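What follows is the content of upload-v4.cif (mmCIF, C-alpha atoms).
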data_structure
#
loop_
_atom_site.label_atom_id
_atom_site.label_comp_id
_atom_site.auth_asym_id
_atom_site.auth_seq_id
_atom_site.Cartn_x
_atom_site.Cartn_y
_atom_site.Cartn_z
CA MET A 1 -69.19 135.04 -144.62
CA SER A 2 -71.43 134.12 -147.51
CA PRO A 3 -73.33 136.84 -149.42
CA LYS A 4 -76.68 135.38 -148.29
CA LEU A 5 -75.64 135.54 -144.62
CA LYS A 6 -74.45 139.13 -145.04
CA GLN A 7 -77.75 140.00 -146.65
CA TYR A 8 -79.61 138.32 -143.79
CA PHE A 9 -77.78 140.35 -141.10
CA ALA A 10 -78.26 143.53 -143.12
CA CYS A 11 -82.02 142.90 -143.24
CA ILE A 12 -82.11 142.26 -139.49
CA PHE A 13 -80.17 145.46 -138.79
CA SER A 14 -82.41 147.51 -141.10
CA PHE A 15 -85.53 146.10 -139.46
CA CYS A 16 -84.25 147.05 -135.99
CA ILE A 17 -83.51 150.59 -137.13
CA PHE A 18 -86.98 150.83 -138.68
CA MET A 19 -88.71 149.64 -135.49
CA TYR A 20 -86.67 152.04 -133.38
CA LEU A 21 -87.72 154.98 -135.58
CA VAL A 22 -91.37 153.92 -135.47
CA LEU A 23 -91.32 153.67 -131.69
CA TYR A 24 -89.47 156.96 -131.30
CA PHE A 25 -91.60 159.10 -133.58
CA TYR A 26 -95.05 157.49 -133.43
CA VAL A 27 -95.45 155.51 -130.22
CA LEU A 28 -93.51 157.25 -127.46
CA PRO A 29 -94.80 160.69 -126.38
CA SER A 30 -92.45 163.48 -127.45
CA GLU A 31 -92.39 165.08 -123.98
CA VAL A 32 -91.89 161.96 -121.87
CA LEU A 33 -89.37 162.33 -119.07
CA VAL A 34 -88.47 159.05 -117.39
CA ASP A 35 -86.44 158.69 -114.22
CA GLU A 36 -84.20 155.71 -114.85
CA GLN A 37 -83.98 154.85 -111.14
CA TYR A 38 -87.52 153.47 -111.34
CA GLY A 39 -86.55 150.82 -113.87
CA HIS A 40 -88.18 149.84 -117.14
CA GLY A 41 -91.84 150.07 -118.00
CA ASP A 42 -92.26 153.73 -116.97
CA GLU A 43 -93.23 154.61 -120.53
CA ASP A 44 -96.37 152.51 -120.13
CA LEU A 45 -97.19 154.19 -116.84
CA LEU A 46 -96.88 157.62 -118.39
CA LEU A 47 -99.09 156.66 -121.32
CA GLN A 48 -101.74 155.47 -118.86
CA LYS A 49 -101.79 158.94 -117.21
CA LYS A 50 -103.42 160.50 -120.26
CA GLY A 51 -106.93 161.61 -119.38
CA LEU A 52 -106.39 161.06 -115.64
CA GLU A 53 -106.42 163.73 -112.95
CA GLU A 54 -103.90 162.11 -110.60
CA SER A 55 -101.18 159.50 -110.38
CA VAL A 56 -100.52 157.35 -107.31
CA ILE A 57 -96.86 157.59 -106.37
CA LEU A 58 -96.66 155.51 -103.22
CA GLN A 59 -98.69 153.51 -100.72
CA LYS A 60 -96.87 152.60 -97.55
CA CYS A 61 -98.13 151.28 -94.20
CA SER A 62 -96.66 151.91 -90.78
CA LYS A 63 -96.28 149.24 -88.15
CA SER A 64 -95.93 151.79 -85.35
CA THR A 65 -99.23 153.62 -85.98
CA ASP A 66 -101.18 151.14 -88.17
CA ASN A 67 -101.77 153.96 -90.67
CA CYS A 68 -101.31 153.46 -94.39
CA TYR A 69 -100.12 156.58 -96.22
CA VAL A 70 -100.77 157.40 -99.86
CA VAL A 71 -98.81 159.89 -101.97
CA VAL A 72 -100.36 161.12 -105.22
CA ASP A 73 -99.50 163.72 -107.84
CA ARG A 74 -102.67 165.56 -108.80
CA LYS A 75 -103.40 167.82 -111.77
CA VAL A 76 -105.25 171.03 -110.95
CA GLU A 77 -106.66 173.45 -113.50
CA THR A 78 -106.71 177.08 -112.36
CA ASP A 79 -107.18 180.50 -113.94
CA LEU A 80 -103.38 180.70 -113.95
CA GLY A 81 -103.06 177.48 -115.92
CA GLN A 82 -102.43 173.85 -115.10
CA MET A 83 -100.64 173.09 -111.84
CA VAL A 84 -99.53 169.83 -110.26
CA GLU A 85 -99.79 169.20 -106.53
CA ARG A 86 -98.34 166.39 -104.45
CA HIS A 87 -100.67 165.14 -101.73
CA MET A 88 -100.12 162.83 -98.79
CA TYR A 89 -103.11 161.40 -96.95
CA VAL A 90 -104.02 158.47 -94.74
CA LYS A 91 -105.67 155.70 -96.74
CA GLY A 92 -109.43 155.89 -96.33
CA PHE A 93 -109.33 159.69 -95.98
CA GLU A 94 -108.70 160.64 -99.59
CA ASP A 95 -110.45 164.00 -99.26
CA GLU A 96 -108.42 165.06 -96.22
CA SER A 97 -104.82 165.51 -97.30
CA ASP A 98 -102.33 165.91 -94.48
CA THR A 99 -99.83 167.64 -96.75
CA ILE A 100 -100.18 169.41 -100.09
CA VAL A 101 -97.27 171.00 -101.96
CA ARG A 102 -96.97 172.49 -105.40
CA LEU A 103 -94.52 170.90 -107.84
CA ILE A 104 -92.28 172.91 -110.13
CA PRO A 105 -92.59 171.69 -113.75
CA GLN A 106 -89.51 171.09 -115.83
CA GLY A 107 -89.73 173.51 -118.71
CA GLU A 108 -93.03 173.29 -120.61
CA LYS A 109 -93.68 169.68 -119.67
CA THR A 110 -97.19 168.73 -118.57
CA PHE A 111 -98.67 166.30 -116.07
CA GLU A 112 -99.74 163.84 -118.77
CA ALA A 113 -96.49 163.74 -120.68
CA SER A 114 -93.90 163.90 -117.92
CA ASP A 115 -92.74 161.85 -114.98
CA THR A 116 -93.82 164.24 -112.22
CA ARG A 117 -91.94 162.16 -109.67
CA MET A 118 -88.86 164.02 -110.88
CA TRP A 119 -90.36 167.48 -110.45
CA LYS A 120 -89.03 169.59 -107.60
CA VAL A 121 -91.13 170.66 -104.63
CA ASP A 122 -91.91 174.36 -104.22
CA HIS A 123 -91.66 174.82 -100.45
CA LEU A 124 -92.32 178.55 -100.62
CA SER A 125 -95.80 178.02 -102.03
CA ILE A 126 -98.09 177.46 -99.06
CA ARG A 127 -101.58 177.69 -100.54
CA ALA A 128 -102.54 174.04 -100.76
CA GLN A 129 -105.73 174.77 -102.69
CA TYR A 130 -104.79 176.95 -105.64
CA VAL A 131 -108.14 178.66 -105.93
CA SER A 132 -108.94 181.13 -108.69
CA LEU A 133 -107.34 184.56 -108.57
CA PHE A 134 -110.77 186.20 -108.23
CA PHE A 135 -111.51 184.10 -105.16
CA MET A 136 -108.13 184.85 -103.65
CA LEU A 137 -108.53 188.59 -104.16
CA PHE A 138 -111.99 189.11 -102.79
CA THR A 139 -113.00 186.48 -100.24
CA LEU A 140 -110.81 187.44 -97.28
CA ASN A 141 -112.04 190.92 -96.49
CA ASN A 142 -112.41 190.99 -92.73
CA ILE A 143 -110.62 190.01 -89.57
CA HIS A 144 -112.78 190.39 -86.47
CA PHE A 145 -111.55 190.49 -82.89
CA ALA A 146 -113.89 189.42 -80.10
CA HIS A 147 -112.94 189.54 -76.44
CA LEU A 148 -113.76 186.83 -73.93
CA SER A 149 -112.72 187.13 -70.32
CA ASN A 150 -113.94 186.60 -66.80
CA ALA A 151 -112.69 187.23 -63.33
CA HIS A 152 -110.62 184.07 -63.28
CA ASN A 153 -109.25 183.82 -66.78
CA PRO A 154 -106.82 185.98 -68.76
CA PRO A 155 -108.23 187.41 -72.00
CA ILE A 156 -108.71 185.23 -75.08
CA PHE A 157 -109.08 186.85 -78.50
CA PHE A 158 -110.75 185.43 -81.58
CA ILE A 159 -109.48 186.21 -85.05
CA PHE A 160 -111.71 185.12 -87.91
CA PHE A 161 -110.11 184.72 -91.32
CA LEU A 162 -113.01 184.82 -93.77
CA CYS A 163 -111.76 182.78 -96.71
CA VAL A 164 -110.34 179.46 -97.75
CA TYR A 165 -107.14 180.39 -95.92
CA LEU A 166 -105.12 177.33 -95.39
CA CYS A 167 -104.19 175.93 -92.04
CA ILE A 168 -100.54 175.90 -93.07
CA ALA A 169 -100.69 179.62 -93.92
CA ALA A 170 -102.23 180.40 -90.55
CA LEU A 171 -99.60 178.32 -88.74
CA ILE A 172 -96.78 180.09 -90.54
CA SER A 173 -98.23 183.58 -90.08
CA ALA A 174 -99.06 183.20 -86.39
CA PRO A 175 -95.58 183.62 -84.82
CA PHE A 176 -94.92 186.67 -87.01
CA ILE A 177 -98.21 188.31 -85.99
CA VAL A 178 -97.40 188.03 -82.26
CA SER A 179 -93.74 189.01 -82.90
CA ALA A 180 -92.21 185.72 -81.77
CA LEU A 181 -90.56 185.87 -85.19
CA SER A 182 -89.48 189.17 -86.71
CA LEU A 183 -90.28 190.55 -90.14
CA VAL A 184 -86.63 191.67 -90.25
CA GLU A 185 -84.95 188.51 -91.49
CA SER A 186 -81.62 189.03 -89.76
CA ASP A 187 -83.38 189.39 -86.39
CA ASN A 188 -84.49 185.75 -86.72
CA ASP A 189 -80.99 184.38 -87.24
CA GLY A 190 -80.39 181.64 -84.68
CA LYS A 191 -83.92 181.68 -83.29
CA THR A 192 -85.07 178.22 -82.25
CA ILE A 193 -88.19 176.49 -83.57
CA LEU A 194 -89.61 173.17 -82.43
CA GLU A 195 -92.26 171.36 -84.46
CA ILE A 196 -94.09 168.38 -82.94
CA GLY A 197 -95.54 166.42 -85.86
CA LEU A 198 -93.78 166.53 -89.23
CA GLY A 199 -96.31 165.44 -91.85
CA GLY A 200 -94.85 166.26 -95.25
CA GLY A 201 -92.67 169.00 -93.80
CA SER A 202 -94.48 171.92 -95.46
CA LEU A 203 -94.38 174.12 -92.37
CA ASP A 204 -90.76 173.79 -91.32
CA MET A 205 -89.36 173.61 -94.87
CA PHE A 206 -91.14 176.88 -95.73
CA LEU A 207 -89.52 178.54 -92.73
CA HIS A 208 -86.17 176.90 -93.50
CA GLN A 209 -86.15 178.23 -97.05
CA LEU A 210 -87.41 181.61 -95.86
CA ASN A 211 -84.44 181.90 -93.51
CA PRO A 212 -81.85 179.08 -93.49
CA LYS A 213 -80.35 180.52 -90.29
CA LEU A 214 -83.40 179.59 -88.24
CA ASN A 215 -82.57 176.66 -85.96
CA ILE A 216 -85.42 174.20 -86.66
CA THR A 217 -86.09 170.82 -85.06
CA ALA A 218 -88.98 168.64 -86.23
CA VAL A 219 -90.00 165.69 -84.07
CA GLU A 220 -92.07 162.89 -85.64
CA LEU A 221 -93.24 159.67 -84.00
CA ASP A 222 -93.77 157.62 -87.17
CA PRO A 223 -90.59 156.69 -89.08
CA VAL A 224 -92.66 155.95 -92.20
CA VAL A 225 -93.85 159.56 -92.28
CA VAL A 226 -90.23 160.71 -92.01
CA ASP A 227 -89.18 158.43 -94.88
CA ILE A 228 -92.01 159.70 -97.09
CA ALA A 229 -91.24 163.33 -96.26
CA ARG A 230 -87.60 162.89 -97.15
CA GLU A 231 -88.15 160.90 -100.34
CA TRP A 232 -91.22 162.60 -101.85
CA PHE A 233 -91.47 166.02 -100.22
CA ASN A 234 -87.80 166.98 -100.37
CA VAL A 235 -87.46 167.41 -96.61
CA GLY A 236 -83.73 167.73 -96.02
CA GLU A 237 -81.26 167.73 -93.17
CA ASP A 238 -78.50 170.25 -92.64
CA ARG A 239 -76.73 172.19 -89.91
CA THR A 240 -79.77 174.28 -88.96
CA ARG A 241 -82.65 171.92 -89.74
CA ARG A 242 -83.08 168.36 -88.56
CA THR A 243 -85.78 165.70 -88.12
CA ILE A 244 -85.78 163.51 -85.03
CA VAL A 245 -87.77 160.27 -84.91
CA ALA A 246 -89.08 160.27 -81.36
CA ASP A 247 -92.15 160.53 -79.19
CA GLY A 248 -92.95 164.25 -79.12
CA LEU A 249 -94.48 163.97 -75.68
CA GLU A 250 -91.30 162.53 -74.19
CA PHE A 251 -89.20 165.02 -76.13
CA VAL A 252 -90.86 168.08 -74.58
CA LYS A 253 -90.76 166.49 -71.11
CA ARG A 254 -87.01 165.99 -71.40
CA ALA A 255 -86.61 169.51 -72.75
CA GLU A 256 -88.38 170.86 -69.69
CA LYS A 257 -86.19 168.90 -67.29
CA LYS A 258 -82.68 169.33 -68.67
CA GLY A 259 -82.69 170.41 -72.27
CA GLU A 260 -82.46 168.31 -75.40
CA LYS A 261 -78.98 167.81 -76.82
CA ILE A 262 -79.12 168.10 -80.60
CA THR A 263 -75.74 167.61 -82.28
CA HIS A 264 -73.62 170.36 -80.71
CA LEU A 265 -76.63 172.32 -79.44
CA VAL A 266 -78.42 172.18 -76.09
CA CYS A 267 -81.84 173.74 -76.42
CA ASP A 268 -84.38 173.76 -73.62
CA LYS A 269 -86.14 177.02 -74.55
CA TYR A 270 -87.70 177.78 -77.92
CA ASP A 271 -88.79 180.97 -79.64
CA VAL A 272 -91.63 179.11 -81.36
CA VAL A 273 -93.17 175.71 -80.65
CA PHE A 274 -95.63 174.24 -83.15
CA LEU A 275 -97.90 171.43 -81.92
CA ASP A 276 -99.35 169.61 -84.92
CA ALA A 277 -99.55 166.03 -83.62
CA CYS A 278 -102.80 164.14 -84.08
CA ASP A 279 -104.39 160.83 -83.10
CA SER A 280 -107.32 158.73 -84.33
CA SER A 281 -109.95 160.47 -82.20
CA VAL A 282 -113.23 161.12 -84.03
CA THR A 283 -114.21 164.36 -82.28
CA ILE A 284 -110.87 166.15 -81.85
CA PRO A 285 -107.96 164.33 -83.52
CA CYS A 286 -105.65 167.35 -83.22
CA PRO A 287 -103.91 167.94 -80.97
CA SER A 288 -103.51 164.39 -79.77
CA LYS A 289 -105.30 163.75 -76.49
CA LEU A 290 -101.97 162.84 -74.89
CA PHE A 291 -100.92 166.48 -75.16
CA ARG A 292 -104.17 167.88 -73.73
CA THR A 293 -103.38 167.79 -70.00
CA PRO A 294 -102.56 170.60 -67.56
CA GLU A 295 -99.14 169.05 -66.94
CA ILE A 296 -98.22 169.12 -70.64
CA TYR A 297 -99.63 172.61 -71.12
CA ASN A 298 -97.37 173.72 -68.29
CA THR A 299 -94.46 171.88 -69.91
CA PHE A 300 -95.00 173.83 -73.13
CA SER A 301 -95.09 177.05 -71.14
CA GLU A 302 -91.77 176.14 -69.54
CA ILE A 303 -89.98 175.45 -72.83
CA VAL A 304 -91.24 178.59 -74.60
CA LYS A 305 -89.09 181.69 -74.16
CA SER A 306 -90.52 184.79 -72.49
CA THR A 307 -90.93 186.45 -75.91
CA GLY A 308 -91.88 183.21 -77.68
CA ALA A 309 -95.14 181.56 -78.71
CA LEU A 310 -96.85 178.19 -78.71
CA ILE A 311 -98.84 177.52 -81.89
CA VAL A 312 -101.39 174.69 -81.68
CA ASN A 313 -103.36 173.18 -84.56
CA ILE A 314 -106.84 172.26 -83.28
CA LEU A 315 -108.98 170.05 -85.51
CA SER A 316 -112.53 169.29 -84.42
CA GLN A 317 -115.85 168.60 -86.06
CA ASP A 318 -117.00 172.09 -85.06
CA GLU A 319 -114.67 175.00 -84.37
CA GLU A 320 -117.10 176.30 -81.75
CA SER A 321 -117.45 172.92 -80.03
CA PRO A 322 -117.11 173.03 -76.23
CA GLU A 323 -114.11 170.72 -76.44
CA ALA A 324 -112.22 172.99 -78.86
CA MET A 325 -113.08 176.06 -76.82
CA GLN A 326 -111.90 174.28 -73.68
CA ILE A 327 -108.49 173.57 -75.21
CA VAL A 328 -107.89 177.28 -75.82
CA GLU A 329 -109.20 178.20 -72.39
CA ASP A 330 -107.04 175.58 -70.67
CA LEU A 331 -103.98 176.77 -72.57
CA SER A 332 -104.65 180.34 -71.46
CA GLN A 333 -104.24 179.25 -67.84
CA HIS A 334 -100.55 178.63 -68.50
CA PHE A 335 -99.80 181.63 -70.75
CA GLY A 336 -100.31 185.37 -70.59
CA SER A 337 -102.74 185.39 -73.52
CA CYS A 338 -104.02 183.14 -76.28
CA LEU A 339 -105.31 184.06 -79.73
CA LYS A 340 -107.64 181.79 -81.65
CA ILE A 341 -107.42 181.90 -85.43
CA SER A 342 -110.45 180.43 -87.19
CA ILE A 343 -110.45 179.57 -90.88
CA THR A 344 -113.71 179.76 -92.80
CA GLU A 345 -114.53 176.57 -94.72
CA GLU A 346 -111.86 174.77 -92.70
CA VAL A 347 -112.56 172.97 -89.45
CA ASN A 348 -109.07 173.70 -88.16
CA VAL A 349 -108.52 176.50 -85.69
CA ILE A 350 -105.13 177.75 -84.55
CA ALA A 351 -104.37 178.64 -80.94
CA VAL A 352 -101.52 181.13 -80.51
CA CYS A 353 -100.32 181.49 -76.93
CA THR A 354 -97.69 183.91 -75.64
CA LYS A 355 -96.12 184.62 -72.27
CA GLN A 356 -97.03 188.27 -72.70
CA ALA A 357 -100.50 189.59 -71.88
CA ILE A 358 -102.09 190.97 -75.05
CA SER A 359 -104.33 193.96 -74.47
CA ASP A 360 -107.61 194.36 -76.36
CA SER A 361 -107.28 198.13 -76.38
CA PRO A 362 -108.09 199.88 -79.68
CA GLY A 363 -104.45 200.85 -80.10
CA ASN A 364 -103.21 197.30 -79.71
CA ILE A 365 -105.89 195.91 -82.01
CA GLU A 366 -104.79 198.43 -84.62
CA PHE A 367 -101.19 197.32 -84.14
CA LEU A 368 -102.16 193.68 -84.67
CA ARG A 369 -104.11 194.67 -87.78
CA ARG A 370 -101.09 196.44 -89.24
CA ARG A 371 -98.88 193.57 -88.17
CA ALA A 372 -101.09 190.98 -89.86
CA HIS A 373 -101.09 193.02 -93.06
CA ALA A 374 -97.30 193.37 -92.98
CA VAL A 375 -96.92 189.62 -92.42
CA THR A 376 -99.06 188.78 -95.45
CA MET A 377 -96.99 191.15 -97.59
CA GLN A 378 -93.69 189.78 -96.29
CA LEU A 379 -94.69 186.15 -96.77
CA GLY A 380 -96.21 186.66 -100.21
CA LEU A 381 -99.83 186.28 -99.14
CA GLN A 382 -101.03 189.67 -100.34
CA ASP A 383 -102.96 188.07 -103.22
CA VAL A 384 -104.86 185.95 -100.72
CA LEU A 385 -105.33 188.52 -97.99
CA LYS A 386 -106.05 191.61 -100.07
CA THR A 387 -107.62 193.83 -97.41
CA ILE A 388 -108.10 193.70 -93.66
CA LYS A 389 -110.82 195.47 -91.70
CA MET A 390 -111.08 195.60 -87.95
CA ASN A 391 -114.28 195.98 -85.97
#

Structure rendered as structure tokens:
Amino acid sequence: MSPKLKQYFACIFSFCIFMYLVLYFYVLPSEVLVDEQYGHGDEDLLLQKKGLEESVILQKCSKSTDNCYVVVDRKVETDLGQMVERHMYVKGFEDESDTIVRLIPQGEKTFEASDTRMWKVDHLSIRAQYVSLFFMLFTLNNIHFAHLSNAHNPPIFFIFFLCVYLCIAALISAPFIVSALSLVESDNDGKTILEIGLGGGSLDMFLHQLNPKLNITAVELDPVVVDIAREWFNVGEDRTRRTIVADGLEFVKRAEKKGEKITHLVCDKYDVVFLDACDSSVTIPCPSKLFRTPEIYNTFSEIVKSTGALIVNILSQDEESPEAMQIVEDLSQHFGSCLKISITEEVNVIAVCTKQAISDSPGNIEFLRRRAHAVTMQLGLQDVLKTIKMN
């Protein structure tokens, strides 16, 4: 090789080294974390995140429901510092996230300078809106019980949570408050939970991580929702937790008739049943109208154990609307008692129905007050629910 050719290759090599060093030290962010499975070009995407409050992760449409789902990672500034949440919502309803989970940062990396797609999901954090510590400590100060009954109906109680207390927190707390689930962890081993409507899996994954020995089955109609939950919300499958793609209505009907065979298990009675399935109705999308019939209410009563509970997420334009009130009253015809949990600044209300008749005597109200306080302490909600007062 001639000296000139050697000099030419040496110059080319030196230039490449120089450009690499320039890119490494001056162009690429020092804290960038790129997941190689997403291919090349991620550096540009991360650079574009600077100054933005959220990053769109996925948009995917379902042929079975005609819904298009959007997953975003969103930066939230709180008194406790910067946090990153992962939201899933139906396109066109950006302000109404179906699922919100907190992400666990890798080291000291920030939203702007890291690929948050690689961050793990914190399933034990259930407060979807990470409000300021001051707000969490002082807004929820009262729980009021009111008694409604007549000669034909069993009693219905109303519990008012006066704060921005998330629907997911109310759903999780409810079975513990009525003792369908025990605060003694080992007492819950092997107890059976059925969830109709998966969403991002926040509810059942919280319970699964709280006690992996709970036997949890989630039933979801839309396979796209299941795919998103598994890929982006870390919803897993194992021996005691599974997701079934099926029509929830048909699932509970079959459970009532002969039991549902799930792997090696046959389960026709459940300790807790969560109904969180919705439709496109404008007035009351949740629960889906298909579930709001006397026959289905009776079916739920049949598949709930004598010491169990049915927990229903009710979403209406007005929590005191006649339609929402009617759902709770109709449910009470098939159960011993129903509680209604209302969440201030949320339009959701939670119906909690048990086979047992719940007395409104002062002693029992005091027991429920102590029980609710113990639940919040056990589940790590004491910073949200600081004090409880009963009228």

Could you give me, as a ChimeraX atom specification, the residues within 7 Å of stretch 247-254 of chain A, counting all atoms listed in the file and dropping anything in the same chain fewer than 3 positions from it? /A:196,219-221,257-260,291,299

Just C-alpha atoms for this one: save the residues we selected as a short mmCIF file (atom, residue, chain, number, x, y, z; two decimals), in the frame of the given file.
data_model
loop_
_atom_site.label_atom_id
_atom_site.label_comp_id
_atom_site.auth_asym_id
_atom_site.auth_seq_id
_atom_site.Cartn_x
_atom_site.Cartn_y
_atom_site.Cartn_z
CA ILE A 196 -94.09 168.38 -82.94
CA VAL A 219 -90.00 165.69 -84.07
CA GLU A 220 -92.07 162.89 -85.64
CA LEU A 221 -93.24 159.67 -84.00
CA LYS A 257 -86.19 168.90 -67.29
CA LYS A 258 -82.68 169.33 -68.67
CA GLY A 259 -82.69 170.41 -72.27
CA GLU A 260 -82.46 168.31 -75.40
CA PHE A 291 -100.92 166.48 -75.16
CA THR A 299 -94.46 171.88 -69.91
#

Is there a way to get, as a list in words, all residues within 9 Å of the point (-92.9, 160.7, -100.4) in file coordinates, counting all atoms listed in the file? Ile57, Leu58, Val70, Val71, Val72, Arg86, Met88, Gly200, Val225, Val226, Asp227, Ile228, Ala229, Arg230, Glu231, Trp232, Phe233 and Asn234 of chain A

For stretch 323-335 of chain A, find every residue with an atom within 6 Å (counting all atoms listed in the file), except residues of its own chain fewer than 2 positions away, and show them as a list in words.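 Counting only the stated atoms, we get Asn298, Ser321, Ser337, Cys338, Thr354 and Lys355 of chain A.
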
Point (-90.9, 179.2, -81.2) neighbourhood (8 Å, all atoms listed in the file) written as a PDB file with C-alpha atoms, in the coordinates of the input:
ATOM      1  CA  PRO A 175     -95.580 183.620 -84.820  1.00  0.00           C
ATOM      2  CA  ALA A 180     -92.210 185.720 -81.770  1.00  0.00           C
ATOM      3  CA  LEU A 181     -90.560 185.870 -85.190  1.00  0.00           C
ATOM      4  CA  LYS A 191     -83.920 181.680 -83.290  1.00  0.00           C
ATOM      5  CA  THR A 192     -85.070 178.220 -82.250  1.00  0.00           C
ATOM      6  CA  ILE A 193     -88.190 176.490 -83.570  1.00  0.00           C
ATOM      7  CA  LEU A 194     -89.610 173.170 -82.430  1.00  0.00           C
ATOM      8  CA  TYR A 270     -87.700 177.780 -77.920  1.00  0.00           C
ATOM      9  CA  ASP A 271     -88.790 180.970 -79.640  1.00  0.00           C
ATOM     10  CA  VAL A 272     -91.630 179.110 -81.360  1.00  0.00           C
ATOM     11  CA  VAL A 273     -93.170 175.710 -80.650  1.00  0.00           C
ATOM     12  CA  PHE A 274     -95.630 174.240 -83.150  1.00  0.00           C
ATOM     13  CA  VAL A 304     -91.240 178.590 -74.600  1.00  0.00           C
ATOM     14  CA  LYS A 305     -89.090 181.690 -74.160  1.00  0.00           C
ATOM     15  CA  GLY A 308     -91.880 183.210 -77.680  1.00  0.00           C
ATOM     16  CA  ALA A 309     -95.140 181.560 -78.710  1.00  0.00           C
ATOM     17  CA  LEU A 310     -96.850 178.190 -78.710  1.00  0.00           C
TER      18      LEU A 310
END

Contacts of A:Asp238 within 10 Å, only C-alpha atoms, excl. fewer than 5 positions in-chain, as a short mmCIF file (atom, residue, chain, number, x, y, z; two decimals) with C-alpha atoms, in the frame of the given file:
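Done, and the output landed in selection-v4.cif:
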data_model
loop_
_atom_site.label_atom_id
_atom_site.label_comp_id
_atom_site.auth_asym_id
_atom_site.auth_seq_id
_atom_site.Cartn_x
_atom_site.Cartn_y
_atom_site.Cartn_z
CA PRO A 212 -81.85 179.08 -93.49
CA ILE A 216 -85.42 174.20 -86.66
CA THR A 243 -85.78 165.70 -88.12
#

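One finds atom CA of A:Gly336 at 21.1 Å from atom CA of A:Ala255.
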
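Across the structure, atom CA of A:Leu124 and atom CA of A:Phe206 are spaced 5.3 Å apart.
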
Please enumerate the residues selected by the PyMOL selection byres ((chain A and resi 96) around 12) when evaluated against the supplied file, formatted as a CSV table (one decimal) with C-alpha atoms, keeping the file's coordinate frame.
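part.csv was written with the following content:
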chain,number,residue,atom,x,y,z
A,69,TYR,CA,-100.1,156.6,-96.2
A,70,VAL,CA,-100.8,157.4,-99.9
A,87,HIS,CA,-100.7,165.1,-101.7
A,88,MET,CA,-100.1,162.8,-98.8
A,89,TYR,CA,-103.1,161.4,-97.0
A,90,VAL,CA,-104.0,158.5,-94.7
A,91,LYS,CA,-105.7,155.7,-96.7
A,92,GLY,CA,-109.4,155.9,-96.3
A,93,PHE,CA,-109.3,159.7,-96.0
A,94,GLU,CA,-108.7,160.6,-99.6
A,95,ASP,CA,-110.4,164.0,-99.3
A,97,SER,CA,-104.8,165.5,-97.3
A,98,ASP,CA,-102.3,165.9,-94.5
A,99,THR,CA,-99.8,167.6,-96.8
A,100,ILE,CA,-100.2,169.4,-100.1
A,128,ALA,CA,-102.5,174.0,-100.8
A,129,GLN,CA,-105.7,174.8,-102.7
A,315,LEU,CA,-109.0,170.0,-85.5
A,346,GLU,CA,-111.9,174.8,-92.7
A,347,VAL,CA,-112.6,173.0,-89.4
A,348,ASN,CA,-109.1,173.7,-88.2

Using all atoms listed in the file, determine which residues lie at most 8 Å from A:Val224, disregarding the query and same-chain residues fewer than 4 positions distant; provide the list as an NGL selection string. :A and (60-62 or 228)

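Applied to the shown file, the PyMOL selection byres ((chain A and resi 173) around 10) selects the residues Cys167, Ile168, Ala169, Ala170, Leu171, Ile172, Ala174, Pro175, Phe176, Ile177, Val178, Leu181, Ala372, Val375, Thr376, Gln378, Leu379 and Leu381 of chain A.
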
Of the candidates A:Thr293, A:Ser202, A:Thr110, A:Thr283, which shows the shortest atom-to-atom distance to A:Val76, using all atoms listed in the file? A:Thr110

Atom-to-atom span, atom CA of A:Gly197 and atom CA of A:Met377, Å: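 Atom CA of A:Gly197 sits 27.4 Å away from atom CA of A:Met377.
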
Here is a test: counting all atoms listed in the file, which residue of A:Glu112, A:Glu185, A:Asp276, A:Asp66 is nearest to A:Leu198? A:Asp276

Just so the selection is clear, what residues does the PyMOL selection byres ((chain A and resi 121) around 10) cover here, as a PyMOL selection string? chain A and resi 85-86+101-105+117-120+122-125+202+232-235
